[in-house]
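Report on the following structure.
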Amino acid sequence: MADTGTGTRRILRLDERGTAGPGGRTDEVVLGLSPAFGDFFTKTIVDIPHAEVLRELLAGIEEQGVHARVIRFRGGSDLAVIAHAAAKLSGSGIGVGVLSRGTTMIHQKDLVRLSNLELFPQAPLMDLDAFRKIGRNAARYAKGESPEPVPARNDFMARPRWQAKAALLHIKETEFVVPGADPVELDVRFQLADAG
Amino acid sequence: MTLVAGVDIGNSTTEACVAELAASGEVTYLGSALAPTSGVKGTADNVEGVVTVVGRALAAAGRRLAELDTVLVNEATPVISGLAMETITETIVTESTMIGHNPDTPGGAGLGVGTTVDFGALGECAPGEPVICVVGAGVDFEDAAHGLNAAVARGVEVAGAVVHADDATLIVNRLDSPVPVVDEVTLVEKVPLGMPAAVEVAEQGRTIRTLSNSYGIATVFGLDAEQTRMVAPVARALVGNRSAVVVRTPEGDVTGRRIPAGSLTLAGERGTRSVAVDEGAAEIMGVLRGVRPLTDASGEPGTHVGGMLARVRDTMSELTGTEPAAVRIQDVLAVDTFVPQRVTGALAGEFALENAVGLAAMVRTSRGPMRLLAARLREALGVDVLIGGVEADMAVLGALTTPGTGTPVAILDLGGGSTDAAVAERTGVTRSVHLAGAGDLVTKLIDSELGLDNRELAEDIKKYPLAKAESFFHVRMEDGTARFVTEPLPAETFARVVVLSDAGMRPVPGRHSLEKIRQVRRSAKHKVFVVNALRALEQVAPGGNLRQIGFVVVLGGSALDFEVPDLIAEAVSGLGIVCGTGNVRGSEGPRNAVATGLVAAHALAAGLDQAVGE
Amino acid sequence: MTTSARRSKRTEALEQRPVNLDGFVEEWPEVGMVAMESPYDPEPGVRVEDGVIVELDGRPRAEFDFLDQFIADHALDIEATERAMAIPAVDIAHLLVDPRATRQDVLAVSRGLTPAKLLEVVKTMNVVEMMMALQKMRARRTPANQAHATSARDNPVQVAADAAEASLRGFRELETTLGVVRYAPLVAIALQVGSQAGTPGVLTQCALEEATELELGMRGITAYAETISVYGTEPVFCDGDDTPWSKAFLASAYASRGIKMRFTSGTGSEVQMGNAEGRSMLYLEIRCILVTKGAGVQGLQNGSISCIGVPGAVPGGIRAVLAENLIASMVDLECASGNDQSFSHSDLRRAARLLPQLLPGTDFVCSGYSSTPNYDNMFAGSNVDAEDFDDWNTIQRDLQVDGGLRHVPEAELLAVRNRAARALQGVFAHLGLPPITDKEVEEVTYAHGSKDLPLRDVLEDLKAAQSVMDRGVTGLDIVKGLEASGFGDMAHNLLAILRHRVSGDLLHTSAILTPELETLSAVNDSNDYAGPGSGYRPSGARWEEMKRLRHVVSAQNPEREVG
């Protein structure tokens with residue numbers, strides 16, 4: 001269904017570098033990945049490769065001249081918890097949580113966990129452009145700017161097609177939760193698989 | 001002792017006060033109330049609102065309806081206003097001469113000059129050739145950077161780039177030697193290739209220096225005097241930008257076209273004159289001053305202004321139930337404004353602030369239904385109903401209950417649709433005037449100048465002060481002070497400019513800074529309320545001389561505005577006038593003046609009014 | 001992709017079929033992704049000591065979660081339970097299907113059945129048997145239907161006209177909700193007014209957060225309530241800051257004012273939230289049904305509702321959805337049986353999902369047939385919408401089953417749409433709400449959806465909506481407004497509906513009002529199905545009405561059409 005837009009296939013390499021700590025720089029955004037993102041799972045509910053998702057999020061942040069850190073949240077699969085944990089580790093207080101199926105949220109450290117800055121609940125409607133814009137907006141929040149929220153999309157025929165698969169993906173992701181485990185810092189590398 | 005109620009039926013609010021009159025003529029005010037007006041002012045539909053408000057005022061006074069002797073109602077002539085707005089200029093770019101937009105994040109810094117070449121054709125460029133690379137849609141930023149680096153490695157002099165996607169920083173971060181890059185050029189495919197071009201990006205927080213200067217462009221492209229004259233509009237259009245691209249094409253041009261908006265014909269007691277709407281507000285108001293008082297206004301058929309006035313007329317005819325042809329426009333207020341519009345022929349969705357004229361028009365309608373209203377009211381309340389004197393006279397009487405006032409006094413009644421003024425001289429002579437344009441026009445100006453397209457939000461911006469939510473625990477108020485809160489602010493307000501409305505903080509979407517929104521708000525209020533206040537006072541002042549007015553009392557719903565009374569006071573302070581917001585009976589603020597005046601007038605000369613139906 | 005293998009042209013054709021846009025998943029019973037056949041559901045069982053249930057479906061009282069406790073203490077008939085539980089499941093299923101056993105015979109047993117036992121009973125039944133049982137167990141003898149009337153722009157004029165059309169087409173309950181919640185008072189008034197312009201006696205409700213929904217009901221701006229959700233596991237219940245007791249308290253608030261209300265639940269919600277506790281969707285839904293019963297509420301909207309994509313994606317899922325409707329009916333609850341959410345891209349599948357409720361008939365076959373085109377449906381789309389009216393009427397006629405609707409000639413529809421809009425115009429003027437122009441009345445008369453209508457002044461409408469709440473406008477003010485603007489008959493109808501809350505008749509199970517404004521419920525219209533030749537069958541005037549369609553060739557003169 002989803003075409004990544006390039007003929008190039010990138011392979012995502014995520015190397016753990018120990019427990020993630022709070023960031024010192026105020027010009028950073030922390031991306032919090034769900035337990036199985038880019039690991040057991042390799043693509044979103046509509047088959048967008050996780051490598052491309054992460055690359056676009058990072059590009060959106062870099063384009064704004066903001067620094068990014070990536071962590072894996074291992075202690076839960078609830079998006080609000082992941083995004084909030086990322087925000088609390090972020091020097092700017094801005095974090096982005098992303099689930100394997102593509103559901104994404106921008107969070108801020110002072111908000112209550114159940115709240116958020118921007119939420120993109122419909123994973124099937126998330127495309128690369130949306131991920132780029134989410135990275136951009138997160139970075140702009142980190143700079144103290146007031147970005148227009150990325151338009152949330154809606155499609156009532158998404159229910160018959162995706163509702164059950166989304167439930168399965170959620171449950172499966174939850175199996176990779178290690179209760180109480182600390183988030184870990186990740187080294188992100190993209191490698192070209194083959195030149196299209 | 002008799003118990004009376006004064007009732008003022010306004011366009012949007014009905015107000016009442018209840019008072020006891022002693023045989024000596026002494027008045028004791030017991031209570032007051034207000035409620036929304038039901039139906040169009042001055043029609044039988046008002047009964048429900050009047051019944052409600054009288055009931056509430058009685059309740060506030062601790063009295064019963066059965067005790068009430070008389071209800072006094074103002075001569076409620078409906079004043080209805082209409083609004084319209086039309087753009088009168090248009091910026092047109094031809095032949096893709098310039099791209100002057102401000103992407104959030106252009107890349108690199110400095111000026112690059114070369115010949116435009118498509119990214120795909122970069123490999124064919126000869127070494128030593130200075131080029132500006134045009135990167136179209138669908139090219140990945142890594143591929144773009146790789147291609148540019150490869151060309152540079154071959155000796156091609158890549159001087160700058162123009163990019164479709166929001167990729168400038170991403171590309172520049174990957175270049176071996178950074179060059180200026182302008183991105184988010186949505187119609188990049190329209191950039192002419194093989195033409196001399198210049199790309200300029202300023203450092204963050206600065207604006208471009210070369211391409212916004214006619215001689216700078218002349219230097220870059222080696223232009224003669226005549227050619228330089230031709231590019232002057234381009235330079236002017238780029239002033240204040242952080243980034244720009246100029247491509248030199250044989251026919252390229254930027255023009256600011258005036259859109260013929262038609263002419264407005266103003267018929268007054270002193271003659272009839274026409275004025276072209278694109279001459280602007282000052283010219284229109286000057287012509288109006290020459291013919292006033294106005295008896296009617298019309299627009300040139302088939303033009304924008306013709307349509308505007310026809311719409312106003314239709315609305316009024318619908319509201320009052322009269323034929324459109326019978327509607328007489330008795331005042332217009334023209335204001336200059338600007339509207340963000342997409343630049344015609346632009347390559348990156350640039351907006352220009354185009355000039356526009358906003359018009360408010362006003363009619364007073366017939367007094368026909370008043371007697372019917374009084375009769376219905378009498379039926380509904382079972383109490384004598386008297387139609388009181390002229391609204392303006394009553395307002396003056398009520399205003400004079402404000403502590404510290406004296407004659408000669410002028411009142412300014414700032415409503416939603418119209419601005420009314422009346423003056424009472426020492427001799428007791430009263431003059432009044434109703435002018436078009438008030439709170440609703442201010443809302444409309446704020447809405448269009450900020451490009452909100454949300455009248456409700458514009459209304460809030462008009463009514464409440466602004467702040468910026470700097471963290472979840474404090475906001476920076478528009479006066480620069482910080483206000484801290486203990487409970488975290490709602491998420492949607494974070495990092496945004498917010499309106500501090502009664503219902504809580506409300507974020508303002510868009511990129512406008514707090515200063516910008518504040519400036520638009522204040523200038524809209526100035527353009528409408530201050531201009532109208534002066535215009536109104538001038539028309540009622542003895543001999544047209546404002547200095548003859550000692551006191552100005554500001555009344556009406558818009559008098560509750562947090563800054564309008566101050567703006568007006570400031571404007572008349574040089575004329576030796578004491579100006580302030582009314583405080584009717586020392587307790588009601590700018591409300592209840594007419595209702596209070598009705599009771600006062602009744603007490604003074606009970607015999608002058610005639611009971612309806614007798 | 002390298003050069004792909006040659007593909008069958010038939011496969012290519014099949015790939016293009018809309019059904020392949022639907023989503024399907026494998027079962028995973030360990031996490032509850034299974035419709036009703038799970039090895040992890042508990043074994044049925046009950047133990048009573050000293051008049052208290054001390055063990056329920058294998059769980060001792062000490063280990064009860066709050067649903068177990070609520071069901072054990074409030075839903076099950078302790079007198080009947082041990083006797084009922086002793087009957088083999090298959091025998092109870094026979095009782096359900098056998099026309100010689102009456103509805104009362106079943107109720108005598110079902111009042112004592114635990115969730116696991118109810119599950120075991122329906123597991124022995126196929127869909128045809130379930131439909132047989134539902135035909136008998138439906139509480140009200142006469143089936144009915146419910147419609148959604150919403151507007152993508154929350155346009156009250158549209159809602160009034162669509163409500164009038166829906167009531168003329170036969171719907172007995174109408175439900176609305178909002179895009180912009182603050183619009184609610186105006187749209188609820190519009191629904192109330194419009195509904196009385198068609199066939200009298202239609203009940204209306206406005207789905208909102210619970211406090212506002214209750215307030216509108218208490219003021220008589222709405223006539224019933226439906227969107228009070230209950231869930232089958234404790235964590236999901238707690239996510240909504242609720243317990244069975246808090247829901248029961250809310251139910252009693254409605255009952256205190258004589259306002260009809262029902263709960264809402266459905267299969268799939270718990271697994272969707274990832275908190276199914278390893279139980280099947282149907283087992284958890286049965287717990288919801290019994291919580292509803294225990295709360296003393298007369299009825300339930302179920303049939304998966306907004307989670308239909310979950311049971312719809314697993315094997316036997318739509319059978320489980322039928323089973324949940326059946327179980328609601330067999331514990332003597334009114335059942336508004338779903339078919340109210342976008343379900344499938346395939347028209348064939350949409351119809352197949354509908355037939356198990358339409359054929360036996362339920363209290364409300366749809367708990368929300370979209371009376372607008374789906375783009376205007378603010379409940380996120382329904383299984384059937386305004387463009388399916390003719391199909392629905394044809395299916396009723398083909399099979400001679402009563403789905404509650406009828407074909408109405410265009411002229412009559414235009415007349416009631418116009419009348420509804422004019423009545424609302426009068427009521428708005430009477431209440432001092434923003435004017436409805438003659439142009440709006442004209443346009444809405446002929447409109448299909450909100451795209452065909454002039455825009456309203458949203459700012460003024462929202463201010464007015466707030467004033468309706470601030471001024472304390474009630475249903476009686478609407479009655480007065482109708483009377484004052486010359487719609488005395490509609491005023492009379494609405495007043496009669498309001499008076500019913502004083503008598504409390506609408507609290508009876510499955511209560512609706514007839515066009516003559518009489519209550520029709522399981523009390524005075526109890527289902528007497530007893531096999532062939534008995535029970536409700538469309539006949540007489542109703543059947544003649546059902547025979548009419550948009551295009552039927554005249555037998556008298558085949559060159560003409562009747563209808």
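Naming scheme: A, B, ... for chains in displayed order of the structure tokens; residues 1 onward per chain; ligands 1 onward as shown.
If you count only C-alpha atoms and ignore residues fewer than 4 places along the chain from segment 25-30 of chain A, what sits within 8 Å of it is Ile61, Val66, His67, Ala68, Arg69, Val70, Ile71, Ala86, Ala87, Leu89, Ser90, Gly91, Ser92, Gly93, Ile94, Gly95, Val96, Ala138, Ala139, Ala142 and Lys143 of chain A.
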Show me, as a compact mmCIF listing (two decimals) with N, CA and C atoms, in the first residue's frame, the residues of chain B whose atoms get within 8 Å of chain A, using only C-alpha atoms for the distance check.
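Contents of the output file part-v9.txt:
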```txt
# COMPACT_ATOMS: atom_id res chain seq x y z
N ASP B 104 10.55 28.84 6.77
CA ASP B 104 11.02 28.87 8.15
C ASP B 104 12.53 28.71 8.22
N THR B 105 13.00 27.78 7.41
CA THR B 105 14.39 27.37 7.56
C THR B 105 15.08 27.28 6.21
N GLY B 138 10.29 15.32 -5.07
CA GLY B 138 10.60 13.89 -5.09
C GLY B 138 12.08 13.59 -4.98
N ASP B 140 15.22 13.16 -2.87
CA ASP B 140 15.54 13.00 -1.45
C ASP B 140 16.69 13.94 -1.07
N ASP B 166 10.82 20.96 2.07
CA ASP B 166 11.35 21.69 3.22
C ASP B 166 12.66 21.02 3.63
N ASP B 167 13.68 21.15 2.79
CA ASP B 167 14.90 20.36 2.93
C ASP B 167 16.17 21.20 3.00
N ALA B 168 16.08 22.53 3.02
CA ALA B 168 17.28 23.36 2.84
C ALA B 168 18.36 23.06 3.87
N THR B 169 17.98 23.05 5.16
CA THR B 169 18.98 22.80 6.20
C THR B 169 19.56 21.40 6.05
N LEU B 170 18.66 20.43 5.76
CA LEU B 170 19.11 19.04 5.62
C LEU B 170 20.15 18.94 4.50
N GLU B 470 4.26 30.87 27.91
CA GLU B 470 5.69 30.58 27.74
C GLU B 470 6.09 29.24 28.33
N PHE B 472 4.16 25.78 30.88
CA PHE B 472 2.87 25.33 31.38
C PHE B 472 2.49 26.01 32.69
N PRO B 488 -1.19 23.30 35.79
CA PRO B 488 -0.64 23.45 34.44
C PRO B 488 -1.70 23.94 33.45
N ALA B 491 -3.02 21.85 27.32
CA ALA B 491 -1.98 21.53 26.34
C ALA B 491 -2.07 22.39 25.09
N GLU B 492 -3.31 22.68 24.64
CA GLU B 492 -3.43 23.38 23.36
C GLU B 492 -2.96 24.83 23.43
N PHE B 494 -0.03 25.67 24.83
CA PHE B 494 1.42 25.68 25.01
C PHE B 494 2.13 26.40 23.87
N ALA B 495 3.00 27.32 24.23
CA ALA B 495 3.84 28.06 23.29
C ALA B 495 3.03 28.93 22.34
N ARG B 496 1.79 29.16 22.65
CA ARG B 496 0.95 29.94 21.74
C ARG B 496 0.56 31.28 22.33
N VAL B 497 0.17 32.16 21.42
CA VAL B 497 -0.47 33.39 21.85
C VAL B 497 -1.89 33.01 22.24
N PRO B 509 -4.61 30.52 16.49
CA PRO B 509 -3.80 29.79 15.52
C PRO B 509 -3.05 30.76 14.61
N GLY B 510 -2.10 30.23 13.85
CA GLY B 510 -1.37 31.06 12.91
C GLY B 510 -0.05 31.50 13.49
N ARG B 511 0.71 32.20 12.68
CA ARG B 511 2.08 32.54 13.07
C ARG B 511 2.21 33.95 13.62
```
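Closest approach to Ser513 of chain B from the set B:Val291, B:Leu466, B:Cys133, B:Leu72 is made by B:Leu466, with distances taken over only C-alpha atoms.
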For a quick test of understanding: name the residues of chain B lying within 6 Å of chain C when counting only C-alpha atoms, and present them as a list in words.
Ser38, Gly39 and Glu456 of chain B
Any chance you could export the current selection's C-alpha atoms as a short mmCIF file (atom, residue, chain, number, x, y, z; two decimals), in the first residue's frame?
```cif
data_model
loop_
_atom_site.label_atom_id
_atom_site.label_comp_id
_atom_site.auth_asym_id
_atom_site.auth_seq_id
_atom_site.Cartn_x
_atom_site.Cartn_y
_atom_site.Cartn_z
CA SER B 38 -35.93 39.17 21.65
CA GLY B 39 -36.42 39.79 17.95
CA GLU B 456 -15.93 34.00 17.06
#
```
Write out, as JSON lines, each residue of segment 10-105 of chain A that has an atom at most 10 Å from segment 124-129 of chain A, together with the closest pair of atoms and their distance in Å to one decimal, counting only C-alpha atoms, rows going by chain and rising number.
```
{"residue": "A:Thr44", "atom": "CA", "partner": "A:Pro124", "partner_atom": "CA", "distance": 8.1}
{"residue": "A:Ile45", "atom": "CA", "partner": "A:Pro124", "partner_atom": "CA", "distance": 6.1}
{"residue": "A:Val46", "atom": "CA", "partner": "A:Pro124", "partner_atom": "CA", "distance": 5.7}
{"residue": "A:Asp47", "atom": "CA", "partner": "A:Pro124", "partner_atom": "CA", "distance": 9.3}
{"residue": "A:Ile48", "atom": "CA", "partner": "A:Asp127", "partner_atom": "CA", "distance": 7.5}
{"residue": "A:Pro49", "atom": "CA", "partner": "A:Leu128", "partner_atom": "CA", "distance": 9.8}
{"residue": "A:Glu52", "atom": "CA", "partner": "A:Leu128", "partner_atom": "CA", "distance": 7.3}
{"residue": "A:Val53", "atom": "CA", "partner": "A:Leu128", "partner_atom": "CA", "distance": 6.4}
{"residue": "A:Leu54", "atom": "CA", "partner": "A:Leu128", "partner_atom": "CA", "distance": 9.5}
{"residue": "A:Arg55", "atom": "CA", "partner": "A:Leu128", "partner_atom": "CA", "distance": 9.3}
{"residue": "A:Glu56", "atom": "CA", "partner": "A:Leu128", "partner_atom": "CA", "distance": 6.5}
{"residue": "A:Leu57", "atom": "CA", "partner": "A:Leu128", "partner_atom": "CA", "distance": 8.6}
{"residue": "A:Gly60", "atom": "CA", "partner": "A:Asp129", "partner_atom": "CA", "distance": 9.6}
{"residue": "A:Arg101", "atom": "CA", "partner": "A:Pro124", "partner_atom": "CA", "distance": 8.2}
{"residue": "A:Gly102", "atom": "CA", "partner": "A:Met126", "partner_atom": "CA", "distance": 6.6}
{"residue": "A:Thr103", "atom": "CA", "partner": "A:Met126", "partner_atom": "CA", "distance": 7.6}
{"residue": "A:Thr104", "atom": "CA", "partner": "A:Met126", "partner_atom": "CA", "distance": 8.7}
```
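Counting only C-alpha atoms, the residue from C:Gln146, C:Asn20, C:Gln556, C:Thr114 that sits nearest to chain A is C:Asn20.
The gap separating atom CA of Asp45 of chain B from atom CA of Arg64 of chain B is 23.8 Å, in Å to one decimal.
Ranking A:Leu33, A:Ser77, A:Gly21, A:Asp15 by their shortest atom-to-atom distance to Lys172 of chain A, with only C-alpha atoms included, puts A:Ser77 first.
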Segment 235-381 of chain B: which residues are alpha helix (DSSP H) by DSSP, as number ranges by chain?
B: 235-238, 281-291, 304-320, 370-381
Between A:Ser34, A:Thr19, A:Thr174, A:Ser100, which has the minimum distance to chain C (counting only C-alpha atoms)?
A:Thr174
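With only C-alpha atoms as the basis for measurement, C:His345 is the residue among C:Arg7, C:His345, C:Arg279, C:Lys247 that approaches chain A most closely.
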Starting from chain A, keep only residues with some atom at most 8 Å from an atom of chain C, counting only C-alpha atoms, and report them as a ChimeraX atom specification.
/A:156-157,159-168,170-171
From a DSSP calculation on the backbone, collect every residue of segment 7-172 of chain A in strand (DSSP E) and output the set as an MDAnalysis selection string.
chainID A and resid 9:19 28:33 67:72 94:98 104:108 118:120
Surrounding residues of Glu120 of chain C excluding itself and chain neighbours under 6 positions, 9 Å, only C-alpha atoms, as a PyMOL selection string:
chain C and resi 43-44+89-90
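Near Phe40 of chain A, within a cut-off of 10 Å and counting only C-alpha atoms, sit the residues A:Pro35, A:Ala36, A:Phe37, A:Lys43, A:Ser100, A:Lys172, A:Glu173, A:Phe176, with same-chain residues fewer than 3 positions away left out.
The space separating atom CA of Arg431 of chain B from atom CA of Val540 of chain B comes to 5.7 Å.
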